[in-house]
>>> print(open('protein_19.txt').read())   # compact mmCIF, C-alpha atoms
# COMPACT_ATOMS: atom_id res chain seq x y z
CA MET A 1 53.97 147.70 39.83
CA PHE A 2 56.52 150.27 38.81
CA ARG A 3 60.18 150.78 39.42
CA ARG A 4 62.41 153.70 38.59
CA SER A 5 65.18 152.73 36.21
CA SER A 6 67.58 155.02 34.38
CA GLU A 7 65.44 158.17 34.56
CA ARG A 8 62.17 156.58 33.56
CA TYR A 9 59.58 154.26 35.00
CA VAL A 10 59.27 150.78 33.54
CA THR A 11 56.63 148.21 34.26
CA LEU A 12 58.18 145.12 35.83
CA GLN A 13 55.63 142.82 34.29
CA GLU A 14 56.04 144.40 30.86
CA TYR A 15 55.71 141.89 28.07
CA ILE A 16 58.39 141.59 25.41
CA PRO A 17 57.25 140.01 22.15
CA ALA A 18 59.36 136.99 21.19
CA ARG A 19 60.63 138.71 18.02
CA GLU A 20 61.86 141.73 19.96
CA ARG A 21 63.39 139.54 22.64
CA GLN A 22 65.28 137.53 20.03
CA ALA A 23 66.39 140.72 18.30
CA VAL A 24 67.79 142.18 21.52
CA GLU A 25 69.53 138.89 22.29
CA ARG A 26 71.01 138.76 18.79
CA VAL A 27 72.45 142.26 19.15
CA LEU A 28 73.79 141.34 22.58
CA VAL A 29 75.63 138.36 21.13
CA SER A 30 77.17 140.57 18.44
CA VAL A 31 78.19 143.25 20.94
CA ILE A 32 79.69 141.13 23.72
CA VAL A 33 82.65 139.56 21.99
CA PRO A 34 85.22 137.65 24.08
CA VAL A 35 88.40 139.54 24.92
CA GLU A 36 91.72 137.69 25.19
CA PRO A 37 94.26 138.54 27.90
CA SER A 38 97.83 139.18 26.76
CA LYS A 39 100.03 136.08 26.56
CA SER A 40 102.72 137.68 28.72
CA PHE A 41 100.18 138.28 31.51
CA VAL A 42 98.85 134.72 31.32
CA ASP A 43 102.35 133.21 31.38
CA ARG A 44 103.61 135.44 34.18
CA LEU A 45 100.58 134.76 36.38
CA SER A 46 100.84 131.06 35.64
CA GLN A 47 104.46 130.97 36.88
CA ASP A 48 103.63 133.05 39.97
CA LEU A 49 100.67 130.84 40.85
CA ILE A 50 102.62 127.60 40.45
CA GLU A 51 105.42 129.00 42.64
CA GLU A 52 102.86 130.11 45.23
CA ALA A 53 101.16 126.69 45.11
CA ARG A 54 104.53 124.96 45.68
CA ARG A 55 105.36 127.29 48.57
CA GLN A 56 101.93 126.75 50.10
CA GLN A 57 102.25 122.98 49.78
CA SER A 58 105.73 122.95 51.35
CA THR A 59 104.39 125.08 54.23
CA GLN A 60 101.50 122.66 54.71
CA GLN A 61 103.92 119.72 54.65
CA ARG A 62 106.16 121.43 57.20
CA ASN A 63 103.17 122.15 59.46
CA ALA A 64 102.04 118.53 59.15
CA ASP A 65 105.56 117.33 60.05
CA GLN A 66 105.69 119.65 63.07
CA THR A 67 102.29 118.46 64.24
CA LEU A 68 103.38 114.84 63.87
CA ARG A 69 106.60 115.54 65.77
CA PHE A 70 104.70 117.31 68.56
CA PHE A 71 102.27 114.43 69.01
CA GLY A 72 105.16 111.95 68.86
CA ILE A 73 107.01 113.73 71.68
CA PHE A 74 103.81 114.26 73.66
CA GLY A 75 102.85 110.60 73.23
CA GLY A 76 106.32 109.51 74.35
CA LEU A 77 106.14 111.66 77.49
CA VAL A 78 102.65 110.38 78.32
CA SER A 79 103.94 106.81 77.94
CA VAL A 80 106.93 107.42 80.27
CA VAL A 81 104.80 109.14 82.94
CA GLY A 82 102.11 106.45 82.63
CA GLY A 83 104.71 103.70 82.97
CA LEU A 84 106.19 105.37 86.06
CA ILE A 85 102.76 105.68 87.70
CA LEU A 86 101.97 102.07 86.89
CA TRP A 87 105.31 100.95 88.33
CA LEU A 88 104.67 102.84 91.59
CA VAL A 89 101.12 101.47 91.91
CA LEU A 90 102.29 97.90 91.33
CA ARG A 91 105.13 98.34 93.76
CA GLN A 92 102.75 99.62 96.41
CA GLU A 93 100.36 96.72 95.92
CA ARG A 94 103.17 94.13 96.11
CA ASN A 95 104.61 95.43 99.37
CA PRO A 96 101.99 97.44 101.33
CA GLU A 97 103.86 97.27 104.71
CA GLN A 98 106.99 98.70 103.24
CA ALA A 99 104.91 101.38 101.60
CA GLN A 100 103.41 102.33 105.00
CA GLN A 101 106.88 102.71 106.46
CA GLN A 102 107.98 104.94 103.64
CA PRO A 103 107.04 108.23 105.43
CA PHE A 104 109.86 107.50 107.96
CA ARG A 105 112.39 106.90 105.28
CA GLY A 106 114.93 109.64 104.90
CA GLN A 107 114.17 111.32 108.26
CA GLY A 108 117.23 109.87 110.05
CA PRO A 109 117.61 107.42 112.94
CA SER A 110 116.00 109.81 115.49
CA ALA A 111 112.67 109.53 113.69
CA MET A 112 112.63 105.71 113.90
CA PRO A 113 110.35 104.18 116.58
CA ARG A 114 112.39 103.00 119.52
CA SER A 115 112.12 99.38 120.61
CA ALA A 116 111.91 98.36 124.26
CA MET B 1 87.75 117.88 29.25
CA SER B 2 85.01 115.74 30.79
CA SER B 3 83.44 116.40 34.17
CA GLU B 4 85.22 113.40 35.72
CA GLU B 5 88.59 114.56 34.39
CA GLU B 6 87.98 117.98 35.88
CA HIS B 7 87.03 116.46 39.25
CA ASP B 8 90.26 114.48 39.15
CA LEU B 9 92.23 117.62 38.25
CA ILE B 10 90.66 119.58 41.12
CA ALA B 11 91.45 116.78 43.59
CA ARG B 12 95.07 116.69 42.41
CA ALA B 13 95.36 120.50 42.45
CA LYS B 14 94.92 120.46 46.23
CA SER B 15 98.35 118.87 46.59
CA ASP B 16 99.97 119.32 43.17
CA ALA B 17 101.09 122.76 41.92
CA GLU B 18 101.20 121.61 38.28
CA ALA B 19 97.57 120.44 38.45
CA PHE B 20 96.56 123.85 39.77
CA GLY B 21 98.45 125.37 36.83
CA ALA B 22 96.36 123.24 34.47
CA LEU B 23 93.15 124.42 36.16
CA TYR B 24 94.35 128.02 35.81
CA GLN B 25 95.02 127.57 32.08
CA ARG B 26 91.52 126.18 31.67
CA TYR B 27 89.77 129.17 33.25
CA VAL B 28 92.08 132.18 32.94
CA ASN B 29 90.61 133.53 29.69
CA ARG B 30 87.05 133.28 30.93
CA ILE B 31 87.79 134.91 34.28
CA TYR B 32 89.77 137.67 32.59
CA ASN B 33 86.94 138.22 30.14
CA TYR B 34 84.45 138.42 32.99
CA HIS B 35 86.50 141.05 34.81
CA TYR B 36 87.21 143.00 31.63
CA ARG B 37 83.51 143.20 30.81
CA HIS B 38 82.90 144.72 34.24
CA THR B 39 85.84 147.07 34.48
CA SER B 40 86.50 147.93 30.81
CA SER B 41 90.14 148.22 31.76
CA ARG B 42 92.88 145.73 30.96
CA VAL B 43 94.88 146.78 34.01
CA ASP B 44 91.97 146.28 36.41
CA ALA B 45 90.95 143.04 34.68
CA GLU B 46 94.48 141.66 35.08
CA ASP B 47 94.60 142.72 38.72
CA LEU B 48 91.21 141.16 39.51
CA THR B 49 92.08 137.99 37.56
CA SER B 50 95.28 137.58 39.60
CA ARG B 51 93.41 138.10 42.85
CA THR B 52 90.70 135.63 41.81
CA PHE B 53 93.22 132.83 41.22
CA TYR B 54 95.29 133.61 44.33
CA ARG B 55 92.13 133.49 46.42
CA ALA B 56 91.09 130.24 44.70
CA LEU B 57 94.51 128.76 45.48
CA ARG B 58 94.20 129.68 49.16
CA SER B 59 90.64 128.33 49.45
CA LEU B 60 90.91 125.26 47.22
CA HIS B 61 91.31 122.90 50.18
CA SER B 62 87.84 123.96 51.40
CA TYR B 63 86.18 123.29 48.03
CA ARG B 64 83.92 120.24 48.09
CA GLU B 65 82.68 118.43 45.00
CA THR B 66 79.26 118.05 46.58
CA GLY B 67 78.61 121.78 46.42
CA ALA B 68 78.39 124.02 43.38
CA PRO B 69 80.41 123.08 40.27
CA PHE B 70 83.99 124.34 40.25
CA GLN B 71 83.19 126.86 37.52
CA ALA B 72 80.42 128.41 39.63
CA TRP B 73 82.70 128.37 42.70
CA LEU B 74 85.43 130.21 40.77
CA TYR B 75 83.02 132.74 39.29
CA ARG B 76 81.64 133.34 42.77
CA ILE B 77 85.12 134.37 43.92
CA ALA B 78 85.42 136.59 40.84
CA HIS B 79 81.97 138.05 41.49
CA ASN B 80 82.82 138.91 45.11
CA LEU B 81 85.96 140.72 43.94
CA VAL B 82 83.98 142.60 41.30
CA VAL B 83 81.45 143.68 43.95
CA ASN B 84 84.34 145.06 46.03
CA TRP B 85 85.74 146.73 42.93
CA TYR B 86 82.41 148.48 42.30
CA ARG B 87 82.36 149.57 45.94
CA ASP B 88 85.86 151.05 45.60
CA HIS B 89 84.92 152.75 42.30
CA ALA B 90 81.59 154.08 43.48
CA ASN B 91 81.52 156.81 40.84
CA HIS B 92 81.80 154.14 38.07
CA PRO B 93 84.54 155.76 35.98
CA THR B 94 84.30 152.95 33.45
CA ILE B 95 80.98 154.26 32.15
CA SER B 96 82.92 156.71 30.06
CA MET B 97 84.06 154.01 27.70
CA ASP B 98 86.27 156.08 25.46
CA GLY B 99 89.71 154.85 26.41
CA ASP B 100 92.08 152.76 24.31
CA ASP B 101 90.48 149.55 25.52
CA TYR B 102 87.09 150.61 24.33
CA LEU B 103 88.36 151.82 20.98
CA SER B 104 90.28 148.64 20.31
CA LEU B 105 87.27 146.62 21.37
CA ARG B 106 85.03 148.61 19.08
CA ALA B 107 87.47 148.22 16.19
CA GLN B 108 87.63 144.50 16.82
CA MET B 109 83.90 144.24 17.12
CA MET B 110 82.79 146.29 14.15
CA PRO B 111 82.40 144.38 10.92
CA SER B 112 83.20 145.93 7.58
CA ASP B 113 80.32 147.29 5.53
CA SER B 114 77.76 144.58 5.08
CA ALA B 115 76.04 143.51 1.90
CA ASP B 116 73.05 145.67 2.87
CA GLY B 117 75.11 148.74 2.10
CA PRO B 118 76.97 151.36 4.11
CA GLU B 119 73.82 152.98 5.54
CA ALA B 120 72.61 149.76 7.14
CA SER B 121 76.11 149.09 8.35
CA VAL B 122 76.38 152.51 10.00
CA ALA B 123 72.94 152.07 11.56
CA ALA B 124 73.91 148.68 12.94
CA ARG B 125 77.15 150.12 14.38
CA GLU B 126 75.26 152.94 16.05
CA LEU B 127 72.80 150.47 17.52
CA GLN B 128 75.65 148.34 18.86
CA ALA B 129 77.30 151.43 20.34
CA VAL B 130 74.06 152.36 22.09
CA LEU B 131 73.69 148.86 23.46
CA LEU B 132 77.32 148.70 24.58
CA GLU B 133 76.90 151.89 26.53
CA ALA B 134 73.59 150.67 27.96
CA ILE B 135 75.33 147.48 29.17
CA ALA B 136 78.11 149.55 30.74
CA ARG B 137 75.47 151.49 32.68
CA LEU B 138 73.71 148.40 34.01
CA PRO B 139 73.95 147.63 37.73
CA GLU B 140 76.66 145.12 38.64
CA ASP B 141 74.38 142.09 39.10
CA ARG B 142 72.61 142.63 35.76
CA LYS B 143 75.90 143.09 33.96
CA THR B 144 77.14 139.86 35.52
CA LEU B 145 74.00 138.11 34.33
CA ILE B 146 74.47 139.33 30.76
CA ILE B 147 78.16 138.37 30.72
CA LEU B 148 77.58 134.90 32.13
CA LYS B 149 74.65 134.27 29.79
CA PHE B 150 76.07 135.58 26.56
CA VAL B 151 79.81 135.10 26.96
CA GLU B 152 79.90 131.96 29.07
CA GLY B 153 76.64 130.48 27.85
CA MET B 154 75.62 129.57 31.40
CA THR B 155 72.12 128.44 32.27
CA ASN B 156 69.90 130.36 34.70
CA VAL B 157 70.60 127.71 37.37
CA GLU B 158 74.38 128.13 36.99
CA ILE B 159 74.08 131.92 37.05
CA GLY B 160 71.96 131.58 40.19
CA GLU B 161 74.78 129.60 41.84
CA VAL B 162 77.24 132.38 41.06
CA LEU B 163 74.96 135.21 42.20
CA GLY B 164 73.49 133.26 45.13
CA ARG B 165 69.92 133.49 43.82
CA THR B 166 67.19 131.13 42.70
CA GLU B 167 66.52 130.25 39.08
CA GLY B 168 63.24 132.19 39.24
CA ALA B 169 64.99 135.28 40.55
CA ILE B 170 67.49 135.09 37.68
CA LYS B 171 64.69 134.76 35.13
CA ALA B 172 62.98 137.83 36.57
CA LEU B 173 66.26 139.78 36.62
CA TYR B 174 66.95 138.80 33.02
CA HIS B 175 63.48 139.91 31.96
CA ARG B 176 63.95 143.30 33.62
CA THR B 177 67.40 143.63 32.06
CA LEU B 178 66.02 142.96 28.58
CA ILE B 179 63.35 145.59 29.13
CA THR B 180 66.01 148.11 30.18
CA LEU B 181 68.17 147.31 27.16
CA ARG B 182 65.21 147.47 24.81
CA LEU B 183 64.36 150.92 26.17
CA ALA B 184 67.96 151.99 25.70
CA MET B 185 67.87 150.78 22.12
CA ARG B 186 64.64 152.64 21.46
CA GLU B 187 66.19 155.81 22.81
CA GLY B 188 69.06 155.24 20.40
CA VAL B 189 69.13 155.46 16.67
CA LEU B 190 67.15 152.38 15.79
CA ASP B 191 64.27 150.38 17.07
CA VAL B 192 65.12 146.71 17.51
CA GLN B 193 62.56 145.76 14.90
CA GLU B 194 64.48 147.71 12.29
CA ILE B 195 67.48 145.42 12.51
CA GLU B 196 65.53 142.36 11.46
>>> encode(input="protein_19.txt", output="structure tokens")
Amino acid sequence: MFRRSSERYVTLQEYIPARERQAVERVLVSVIVPVEPSKSFVDRLSQDLIEEARRQQSTQQRNADQTLRFFGIFGGLVSVVGGLILWLVLRQERNPEQAQQQPFRGQGPSAMPRSA
Amino acid sequence: MSSEEEHDLIARAKSDAEAFGALYQRYVNRIYNYHYRHTSSRVDAEDLTSRTFYRALRSLHSYRETGAPFQAWLYRIAHNLVVNWYRDHANHPTISMDGDDYLSLRAQMMPSDSADGPEASVAARELQAVLLEAIARLPEDRKTLIILKFVEGMTNVEIGEVLGRTEGAIKALYHRTLITLRLAMREGVLDVQEIE
């Protein structure tokens, strides 16, 4: 099996003797030496990142507070509406006759059934 | 720093800016080095290093200890940025490694004349120059492999986590890379056997 690589064909399964392999690796180690970034760059980026992290955390905290406030208000409203519904249902069960007469309420004396 | 201490630091960094700063200090040199080896430019390496850590800061909440180690996770971010960088610099201007960065690197790298005499020293320098240029011409994934293996001392499994490949695929890629570099060295001044 062949593959074109840098203007020549090399065999993929080509064998490299251990000595040659070690020699290439040794030269690689000597060539690729670590490079240090400048101290000013490291310090400046460090400050920027810490500031950004603080800003991000305060934003997250604010979002969490807003979410909590929203659910608090929503929960309160649900409780009030639920309580009102429960009160009406209980009232209806306690006095069903009065509840049946309720459609006439508020329509004036002319709407009331006349007695003989 | 032990693995447990690092786990603790990562957990704290999700809600503590100072802890993230400590994580940054721990990895900044390595990430910078990684980017510099790819770009051969201090400006580009600084830019990519900044973007790597900003992206890590934004995504840290989604990092889970159960996945790849933090180092591999961070290098994966760096790797993705390098891939984009190569895409943006499709004509690979860094192959012409004759700028100030390269010269200072070469000056830093080159030892003074060895005990074997000036001729051997010159030969060794020429061989290193050939190899350095051959590395610069390698495709992005192979260059990443060489950097992670020889600068970071990562295992094939760890490199696989960064590149998203299996250990076997990394071994095969490494083998092919060595063959390419050996050919480059043969085309150069010396055969590898001569340096022994």
>>> atom_distance(input="protein_19.txt", atom1="CA of Gln25 in chain B", atom2="CA of Lys149 in chain B")
21.6 Å
>>> interface_residues(input="protein_19.txt", of="chain A", to="chain B", cutoff="9 Å", atoms="all atoms listed in the file", output="number ranges by chain")
A: 5-6, 10-16, 19-21, 23-25, 27-37, 41-42, 45-47, 49-54, 56-57
>>> atom_distance(input="protein_19.txt", atom1="CA of Ile77 in chain B", atom2="CA of Arg62 in chain A")
28.0 Å
>>> atom_distance(input="protein_19.txt", atom1="CA of Asp44 in chain B", atom2="CA of Gln71 in chain B")
21.3 Å
>>> residues_around(input="protein_19.txt", residues="Val157 in chain B", least_positions_apart="6", cutoff="10 Å", atoms="all atoms listed in the file", output="PDB file with C-alpha atoms, in the coordinates of the input")
ATOM      1  CA  LEU B 163      74.960 135.210  42.200  1.00  0.00           C
ATOM      2  CA  GLY B 164      73.490 133.260  45.130  1.00  0.00           C
ATOM      3  CA  ARG B 165      69.920 133.490  43.820  1.00  0.00           C
ATOM      4  CA  THR B 166      67.190 131.130  42.700  1.00  0.00           C
ATOM      5  CA  GLU B 167      66.520 130.250  39.080  1.00  0.00           C
ATOM      6  CA  GLY B 168      63.240 132.190  39.240  1.00  0.00           C
ATOM      7  CA  ALA B 169      64.990 135.280  40.550  1.00  0.00           C
ATOM      8  CA  ILE B 170      67.490 135.090  37.680  1.00  0.00           C
ATOM      9  CA  LYS B 171      64.690 134.760  35.130  1.00  0.00           C
TER      10      LYS B 171
END
>>> closest_residue(input="protein_19.txt", among="B:Tyr63, B:Tyr27, B:Tyr86, B:Trp73", to="Ala11 in chain B", atoms="all atoms listed in the file")
B:Tyr63
>>> axis_aligned_box(input="protein_19.txt", around="range 54-57 of chain A", padding_each_side="6 Å", output="lines of an AutoDock Vina configuration file")
center_x = 103.6
center_y = 125.1
center_z = 47.9
size_x = 15.4
size_y = 16.3
size_z = 16.4
>>> closest_residue(input="protein_19.txt", among="B:Glu158, B:Glu140, B:Glu133, B:Glu187", to="Leu74 in chain B", atoms="only C-alpha atoms")
B:Glu158
>>> decode(input="protein_19.txt", residues="range 11-22 of chain B", atoms="all heavy atoms", output="short mmCIF file (atom, residue, chain, number, x, y, z; two decimals), in the first residue's frame")
data_model
loop_
_atom_site.label_atom_id
_atom_site.label_comp_id
_atom_site.auth_asym_id
_atom_site.auth_seq_id
_atom_site.Cartn_x
_atom_site.Cartn_y
_atom_site.Cartn_z
N ALA B 11 -13.40 21.87 40.32
CA ALA B 11 -14.75 22.03 40.89
C ALA B 11 -14.92 23.45 41.45
O ALA B 11 -15.96 24.08 41.25
CB ALA B 11 -14.97 20.99 41.98
N ARG B 12 -13.89 23.94 42.12
CA ARG B 12 -13.96 25.29 42.69
C ARG B 12 -13.96 26.36 41.60
O ARG B 12 -14.60 27.40 41.73
CB ARG B 12 -12.80 25.52 43.66
CG ARG B 12 -13.04 24.86 45.03
CD ARG B 12 -12.09 25.39 46.07
NE ARG B 12 -10.71 25.01 45.83
CZ ARG B 12 -9.71 25.86 45.62
NH1 ARG B 12 -9.94 27.16 45.65
NH2 ARG B 12 -8.49 25.44 45.41
N ALA B 13 -13.21 26.09 40.52
CA ALA B 13 -13.08 27.08 39.44
C ALA B 13 -14.41 27.39 38.77
O ALA B 13 -14.57 28.44 38.16
CB ALA B 13 -12.08 26.58 38.40
N LYS B 14 -15.38 26.48 38.91
CA LYS B 14 -16.70 26.72 38.30
C LYS B 14 -17.43 27.88 38.98
O LYS B 14 -18.33 28.47 38.39
CB LYS B 14 -17.54 25.45 38.36
CG LYS B 14 -17.01 24.36 37.43
CD LYS B 14 -17.80 23.09 37.52
CE LYS B 14 -17.19 22.04 36.60
NZ LYS B 14 -17.89 20.75 36.64
N SER B 15 -17.06 28.16 40.24
CA SER B 15 -17.75 29.24 40.95
C SER B 15 -16.78 30.22 41.62
O SER B 15 -17.22 31.12 42.33
CB SER B 15 -18.69 28.64 41.99
OG SER B 15 -17.95 27.82 42.87
N ASP B 16 -15.48 30.01 41.41
CA ASP B 16 -14.49 30.85 42.08
C ASP B 16 -13.45 31.34 41.05
O ASP B 16 -12.71 30.53 40.46
CB ASP B 16 -13.81 30.01 43.19
CG ASP B 16 -12.75 30.81 43.93
OD1 ASP B 16 -12.58 32.01 43.64
OD2 ASP B 16 -12.07 30.23 44.81
N ALA B 17 -13.42 32.64 40.82
CA ALA B 17 -12.53 33.23 39.81
C ALA B 17 -11.05 32.97 40.14
O ALA B 17 -10.24 32.71 39.25
CB ALA B 17 -12.79 34.72 39.69
N GLU B 18 -10.72 33.02 41.44
CA GLU B 18 -9.31 32.81 41.84
C GLU B 18 -8.87 31.38 41.52
O GLU B 18 -7.72 31.15 41.13
CB GLU B 18 -9.15 33.08 43.34
CG GLU B 18 -9.54 34.49 43.77
CD GLU B 18 -8.70 35.57 43.11
OE1 GLU B 18 -7.54 35.31 42.81
OE2 GLU B 18 -9.23 36.68 42.87
N ALA B 19 -9.77 30.43 41.70
CA ALA B 19 -9.44 29.02 41.41
C ALA B 19 -9.21 28.84 39.91
O ALA B 19 -8.31 28.10 39.50
CB ALA B 19 -10.56 28.10 41.89
N PHE B 20 -9.99 29.55 39.10
CA PHE B 20 -9.77 29.47 37.65
C PHE B 20 -8.41 30.08 37.31
O PHE B 20 -7.70 29.58 36.44
CB PHE B 20 -10.88 30.19 36.88
CG PHE B 20 -10.75 30.00 35.40
CD1 PHE B 20 -11.22 28.85 34.79
CD2 PHE B 20 -10.10 30.94 34.62
CE1 PHE B 20 -11.05 28.65 33.42
CE2 PHE B 20 -9.93 30.75 33.25
CZ PHE B 20 -10.41 29.61 32.66
N GLY B 21 -8.05 31.15 38.02
CA GLY B 21 -6.73 31.77 37.83
C GLY B 21 -5.61 30.78 38.12
O GLY B 21 -4.61 30.74 37.41
N ALA B 22 -5.80 29.98 39.16
CA ALA B 22 -4.79 28.97 39.51
C ALA B 22 -4.69 27.89 38.43
O ALA B 22 -3.58 27.44 38.08
CB ALA B 22 -5.15 28.33 40.85
#
